[in-house]
>>> print(open('run.txt').read())   # compact mmCIF, C-alpha atoms
# COMPACT_ATOMS: atom_id res chain seq x y z
CA MET A 1 70.05 -16.69 -27.13
CA ASP A 2 70.56 -13.36 -28.82
CA PHE A 3 67.93 -10.64 -29.12
CA SER A 4 66.64 -11.75 -32.53
CA GLU A 5 66.11 -15.31 -31.24
CA TRP A 6 64.01 -14.00 -28.33
CA MET A 7 61.95 -11.89 -30.73
CA ASP A 8 61.32 -14.95 -32.92
CA TYR A 9 60.45 -17.02 -29.85
CA ASN A 10 57.97 -14.44 -28.59
CA ALA A 11 56.34 -14.16 -32.01
CA ALA A 12 55.75 -17.93 -32.00
CA GLN A 13 53.78 -17.84 -28.72
CA THR A 14 50.49 -16.49 -30.09
CA ALA A 15 48.65 -19.83 -30.15
CA ARG A 16 49.96 -21.54 -27.01
CA GLU A 17 47.88 -22.06 -23.89
CA VAL A 18 48.51 -20.17 -20.66
CA ARG A 19 51.32 -21.91 -18.81
CA PRO A 20 50.19 -24.43 -16.16
CA LEU A 21 52.43 -22.90 -13.51
CA LEU A 22 50.53 -19.62 -13.67
CA LEU A 23 47.20 -21.42 -13.43
CA ASP A 24 48.45 -23.24 -10.31
CA ALA A 25 49.68 -19.95 -8.84
CA LEU A 26 46.31 -18.31 -9.50
CA THR A 27 44.55 -21.16 -7.72
CA ALA A 28 46.88 -20.83 -4.72
CA ALA A 29 46.60 -17.04 -4.66
CA GLY A 30 42.81 -16.80 -4.81
CA PRO A 31 40.80 -14.06 -6.54
CA GLY A 32 42.70 -11.19 -8.10
CA ALA A 33 40.21 -8.61 -6.84
CA GLY A 34 42.42 -5.71 -7.92
CA ARG A 35 45.51 -7.02 -6.15
CA GLN A 36 48.96 -6.43 -7.66
CA ALA A 37 50.82 -9.02 -9.73
CA VAL A 38 54.16 -8.80 -11.54
CA ASP A 39 54.94 -10.72 -14.74
CA LEU A 40 58.73 -10.96 -15.05
CA GLY A 41 59.75 -11.61 -18.64
CA CYS A 42 56.23 -11.15 -19.97
CA GLY A 43 57.16 -11.74 -23.62
CA LEU A 44 54.12 -11.64 -25.84
CA GLY A 45 51.86 -11.18 -22.82
CA ARG A 46 49.88 -14.43 -22.68
CA GLU A 47 50.21 -14.70 -18.90
CA SER A 48 49.77 -10.95 -18.34
CA ASP A 49 46.47 -11.24 -20.20
CA ALA A 50 45.41 -14.21 -18.05
CA LEU A 51 46.23 -12.26 -14.89
CA LEU A 52 44.24 -9.25 -16.07
CA ARG A 53 41.26 -11.43 -16.97
CA ALA A 54 41.45 -12.93 -13.46
CA GLY A 55 41.06 -9.46 -11.96
CA TRP A 56 44.67 -8.61 -11.09
CA ARG A 57 46.53 -5.37 -11.64
CA VAL A 58 49.64 -6.32 -13.62
CA HIS A 59 53.10 -4.80 -13.85
CA ALA A 60 54.69 -6.48 -16.89
CA VAL A 61 58.48 -6.42 -17.35
CA ASP A 62 60.51 -7.41 -20.41
CA PHE A 63 63.64 -6.19 -22.16
CA ALA A 64 62.26 -6.28 -25.71
CA PRO A 65 61.65 -2.80 -27.14
CA ASN A 66 58.32 -3.91 -28.65
CA THR A 67 56.98 -5.16 -25.29
CA GLU A 68 54.27 -2.51 -24.98
CA GLU A 69 53.15 -3.17 -28.56
CA ASN A 70 53.00 -6.91 -27.83
CA LEU A 71 50.93 -6.42 -24.70
CA HIS A 72 48.47 -4.09 -26.40
CA ALA A 73 47.97 -6.70 -29.12
CA THR A 74 47.46 -9.52 -26.59
CA THR A 75 45.35 -7.89 -23.85
CA ARG A 76 41.81 -6.54 -23.92
CA GLU A 77 41.34 -2.78 -24.08
CA GLN A 78 39.02 -2.77 -21.05
CA ASP A 79 41.76 -4.38 -18.93
CA ARG A 80 44.61 -2.04 -19.80
CA GLU A 81 43.85 0.51 -17.10
CA ARG A 82 45.12 -2.18 -14.70
CA LEU A 83 48.30 -2.78 -16.75
CA THR A 84 51.67 -1.07 -16.44
CA VAL A 85 54.61 -1.95 -18.68
CA GLU A 86 58.31 -1.62 -17.90
CA VAL A 87 60.80 -2.16 -20.71
CA ARG A 88 63.99 -3.04 -18.86
CA SER A 89 66.56 -5.81 -18.68
CA PHE A 90 66.75 -7.86 -15.49
CA ALA A 91 70.30 -6.60 -15.03
CA ASP A 92 68.96 -3.04 -14.77
CA LEU A 93 65.88 -3.80 -12.66
CA ALA A 94 66.37 -2.07 -9.32
CA GLY A 95 62.94 -2.67 -7.81
CA LEU A 96 59.38 -3.84 -8.33
CA PRO A 97 55.98 -2.76 -7.03
CA ASP A 98 54.85 -4.43 -3.83
CA ALA A 99 52.93 -7.46 -5.06
CA ASP A 100 50.78 -10.37 -3.92
CA LEU A 101 52.06 -12.48 -6.81
CA VAL A 102 55.32 -12.37 -8.77
CA TYR A 103 55.34 -14.72 -11.74
CA ALA A 104 58.44 -15.58 -13.81
CA GLY A 105 57.57 -18.10 -16.51
CA PHE A 106 60.64 -19.48 -18.30
CA SER A 107 62.41 -16.13 -18.02
CA ILE A 108 64.75 -15.62 -15.09
CA PRO A 109 67.13 -18.59 -15.62
CA TYR A 110 68.36 -17.03 -18.87
CA ILE A 111 70.64 -14.53 -17.12
CA PRO A 112 74.06 -14.88 -15.44
CA ARG A 113 74.13 -16.09 -11.82
CA ASP A 114 75.17 -12.74 -10.33
CA VAL A 115 72.25 -10.98 -12.04
CA PHE A 116 69.93 -13.83 -11.02
CA ASP A 117 70.93 -13.61 -7.34
CA ARG A 118 70.39 -9.85 -7.28
CA LEU A 119 67.01 -10.25 -9.01
CA ILE A 120 65.92 -12.82 -6.43
CA GLY A 121 66.67 -10.21 -3.77
CA VAL A 122 64.44 -7.74 -5.61
CA VAL A 123 61.66 -10.34 -5.73
CA ARG A 124 61.97 -11.17 -2.03
CA THR A 125 61.53 -7.50 -1.20
CA ALA A 126 58.56 -7.04 -3.55
CA VAL A 127 56.40 -9.98 -2.43
CA ARG A 128 54.07 -8.98 0.40
CA PRO A 129 53.64 -11.26 3.44
CA GLY A 130 51.32 -14.07 2.39
CA GLY A 131 52.10 -13.41 -1.28
CA LEU A 132 53.45 -15.86 -3.83
CA PHE A 133 56.43 -16.24 -6.12
CA ALA A 134 56.08 -18.66 -9.05
CA ALA A 135 58.90 -19.50 -11.43
CA ASN A 136 60.22 -22.08 -13.87
CA LEU A 137 63.92 -22.64 -13.12
CA LEU A 138 66.69 -24.60 -14.86
CA GLY A 139 68.46 -27.47 -13.11
CA VAL A 140 72.10 -28.46 -13.31
CA ASN A 141 71.38 -31.35 -15.70
CA ASP A 142 69.74 -29.13 -18.30
CA GLY A 143 71.13 -29.34 -21.84
CA TYR A 144 71.69 -25.60 -22.04
CA ARG A 145 74.45 -25.86 -19.46
CA ALA A 146 77.03 -27.16 -21.93
CA GLU A 147 76.67 -24.14 -24.20
CA HIS A 148 75.45 -21.44 -21.81
CA GLY A 149 77.07 -22.38 -18.50
CA GLU A 150 78.23 -18.82 -17.75
CA GLU A 151 75.35 -16.99 -19.43
CA PHE A 152 72.42 -18.77 -17.73
CA THR A 153 71.67 -19.84 -14.15
CA PHE A 154 71.45 -23.54 -13.27
CA LEU A 155 70.39 -24.68 -9.80
CA ASP A 156 70.41 -27.89 -7.81
CA GLU A 157 67.48 -29.02 -5.70
CA ASP A 158 68.98 -27.86 -2.40
CA GLU A 159 69.39 -24.34 -3.76
CA VAL A 160 65.81 -24.24 -4.94
CA ARG A 161 64.45 -25.63 -1.67
CA SER A 162 66.45 -23.69 0.87
CA LEU A 163 68.76 -21.02 -0.50
CA LEU A 164 66.60 -18.91 -2.77
CA PHE A 165 63.74 -18.35 -0.35
CA PRO A 166 64.80 -19.41 3.15
CA GLY A 167 61.82 -19.62 5.48
CA TRP A 168 59.25 -19.44 2.68
CA ASP A 169 56.62 -22.17 2.38
CA LEU A 170 56.77 -24.37 -0.72
CA VAL A 171 53.30 -24.54 -2.22
CA ARG A 172 54.55 -26.52 -5.20
CA LEU A 173 57.90 -27.90 -6.32
CA ASP A 174 57.77 -30.21 -9.31
CA ILE A 175 61.00 -31.51 -10.83
CA GLU A 176 61.38 -32.73 -14.41
CA ASP A 177 64.50 -34.31 -15.94
CA TYR A 178 63.78 -35.63 -19.43
CA ASP A 179 64.57 -35.56 -23.13
CA GLY A 180 62.14 -33.40 -25.05
CA ARG A 181 62.04 -30.41 -27.34
CA ALA A 182 62.79 -26.72 -26.99
CA TYR A 183 61.96 -23.92 -29.42
CA SER A 184 65.34 -24.52 -31.05
CA GLY A 185 64.90 -28.32 -31.40
CA PRO A 186 65.65 -31.49 -29.37
CA HIS A 187 66.67 -30.68 -25.81
CA HIS A 188 67.31 -32.33 -22.44
CA TRP A 189 65.25 -30.48 -19.86
CA HIS A 190 65.98 -30.30 -16.13
CA LEU A 191 63.30 -28.05 -14.68
CA PHE A 192 61.98 -26.91 -11.32
CA HIS A 193 58.41 -25.60 -11.29
CA LEU A 194 58.22 -23.57 -8.09
CA VAL A 195 55.45 -21.82 -6.21
CA ALA A 196 56.56 -20.38 -2.84
CA ARG A 197 54.64 -18.31 -0.29
CA ARG A 198 56.20 -15.60 1.84
CA PRO A 199 55.31 -16.10 5.53
>>> encode(input="run.txt", output="structure tokens")
Amino acid sequence: MDFSEWMDYNAAQTAREVRPLLLDALTAAGPGAGRQAVDLGCGLGRESDALLRAGWRVHAVDFAPNTEENLHATTREQDRERLTVEVRSFADLAGLPDADLVYAGFSIPYIPRDVFDRLIGVVRTAVRPGGLFAANLLGVNDGYRAEHGEEFTFLDEDEVRSLLFPGWDLVRLDIEDYDGRAYSGPHHWHLFHLVARRP
């Protein structure tokens, strides 16, 4: 996807519900209570808003130049003192705040594998012991692979289970492989919905 497509996609997210993966991660993580979360690829800010409302401090990251504007339109004014915004591409992201939860909802697969692997290293470093990483990842059977095989990152189950976060505890790993719809139209999805806890 090019930049204009991402902007159109983000603009279409105003009415959708908070993603189930974040809700599961919040249940596993327990009360926010001022703890630090990171929203990687925050887009319009639906999940950042949910994290703030649950009592977390949120560091929201996205490459779109209107990210701060989006977040200010989506979040409540009284919550924004617990919100920081970083406008940066994943390729240029050198580090993250230490966090008890790093959430990446349908964001980090849409980068080349070398950038993805480096970003996973950044995430591993940022998550505190006992903290969680939650992400939606693309599998090798996903329909995007034919067109975006070098641009996006596609994983098999062994990679998700053992290579990305060796030694971490899997709180949740759901796998979907089905014909459905994407923002752009009909699509074959192969998805991993992952929640992992750092020992």
>>> closest_atom_pairs(input="run.txt", of="stretch 101-176 of chain A", to="stretch 54-62 of chain A", cutoff="10 Å", atoms="only C-alpha atoms", output="Markdown table")
| residue | atom | partner | partner_atom | distance |
| --- | --- | --- | --- | --- |
| A:Leu101 | CA | A:Trp56 | CA | 9.4 |
| A:Val102 | CA | A:His59 | CA | 9.4 |
| A:Tyr103 | CA | A:Ala60 | CA | 9.7 |
| A:Ala104 | CA | A:Val61 | CA | 9.8 |
| A:Ser107 | CA | A:Asp62 | CA | 9.2 |
>>> write_last_selection(input="run.txt", atoms="C-alpha atoms", output="short mmCIF file (atom, residue, chain, number, x, y, z; two decimals), keeping the file's coordinate frame")
data_model
loop_
_atom_site.label_atom_id
_atom_site.label_comp_id
_atom_site.auth_asym_id
_atom_site.auth_seq_id
_atom_site.Cartn_x
_atom_site.Cartn_y
_atom_site.Cartn_z
CA LEU A 101 52.06 -12.48 -6.81
CA VAL A 102 55.32 -12.37 -8.77
CA TYR A 103 55.34 -14.72 -11.74
CA ALA A 104 58.44 -15.58 -13.81
CA SER A 107 62.41 -16.13 -18.02
#
>>> closest_atom_pairs(input="run.txt", of="stretch 64-111 of chain A", to="stretch 35-51 of chain A", cutoff="9 Å", atoms="only C-alpha atoms", output="tab-separated table")
residue	atom	partner	partner_atom	distance
A:Ala64	CA	A:Gly43	CA	7.8
A:Thr67	CA	A:Gly43	CA	6.8
A:Glu69	CA	A:Leu44	CA	8.9
A:Asn70	CA	A:Leu44	CA	5.3
A:Leu71	CA	A:Gly45	CA	5.2
A:His72	CA	A:Gly45	CA	8.6
A:Ala73	CA	A:Leu44	CA	8.5
A:Thr74	CA	A:Gly45	CA	6.0
A:Thr75	CA	A:Asp49	CA	5.1
A:Arg76	CA	A:Asp49	CA	7.6
A:Asp79	CA	A:Asp49	CA	8.4
A:Leu83	CA	A:Ser48	CA	8.5
A:Ser89	CA	A:Gly41	CA	8.9
A:Phe90	CA	A:Gly41	CA	8.5
A:Leu96	CA	A:Val38	CA	7.9
A:Pro97	CA	A:Val38	CA	7.8
A:Asp98	CA	A:Gln36	CA	7.3
A:Ala99	CA	A:Gln36	CA	4.9
A:Asp100	CA	A:Gln36	CA	5.7
A:Leu101	CA	A:Ala37	CA	4.7
A:Val102	CA	A:Val38	CA	4.7
A:Tyr103	CA	A:Asp39	CA	5.0
A:Ala104	CA	A:Leu40	CA	4.8
A:Gly105	CA	A:Gly41	CA	7.2
A:Phe106	CA	A:Gly41	CA	7.9
A:Ser107	CA	A:Gly41	CA	5.3
A:Ile108	CA	A:Gly41	CA	7.3
>>> atom_distance(input="run.txt", atom1="atom CA of A:Arg197", atom2="atom CA of A:Asp169")
5.1 Å
>>> closest_residue(input="run.txt", among="A:Arg82, A:His193, A:His187, A:Arg53", to="A:Val160", atoms="all atoms listed in the file")
A:His193
>>> residues_around(input="run.txt", residues="A:Leu155", least_positions_apart="2", cutoff="8 Å", atoms="only C-alpha atoms", output="mmCIF file with C-alpha atoms, in the coordinates of the input")
data_model
loop_
_atom_site.group_PDB
_atom_site.id
_atom_site.type_symbol
_atom_site.label_atom_id
_atom_site.label_comp_id
_atom_site.auth_asym_id
_atom_site.auth_seq_id
_atom_site.Cartn_x
_atom_site.Cartn_y
_atom_site.Cartn_z
ATOM 1 C CA LEU A 137 63.920 -22.640 -13.120
ATOM 2 C CA LEU A 138 66.690 -24.600 -14.860
ATOM 3 C CA GLY A 139 68.460 -27.470 -13.110
ATOM 4 C CA VAL A 140 72.100 -28.460 -13.310
ATOM 5 C CA THR A 153 71.670 -19.840 -14.150
ATOM 6 C CA GLU A 157 67.480 -29.020 -5.700
ATOM 7 C CA GLU A 159 69.390 -24.340 -3.760
ATOM 8 C CA VAL A 160 65.810 -24.240 -4.940
#
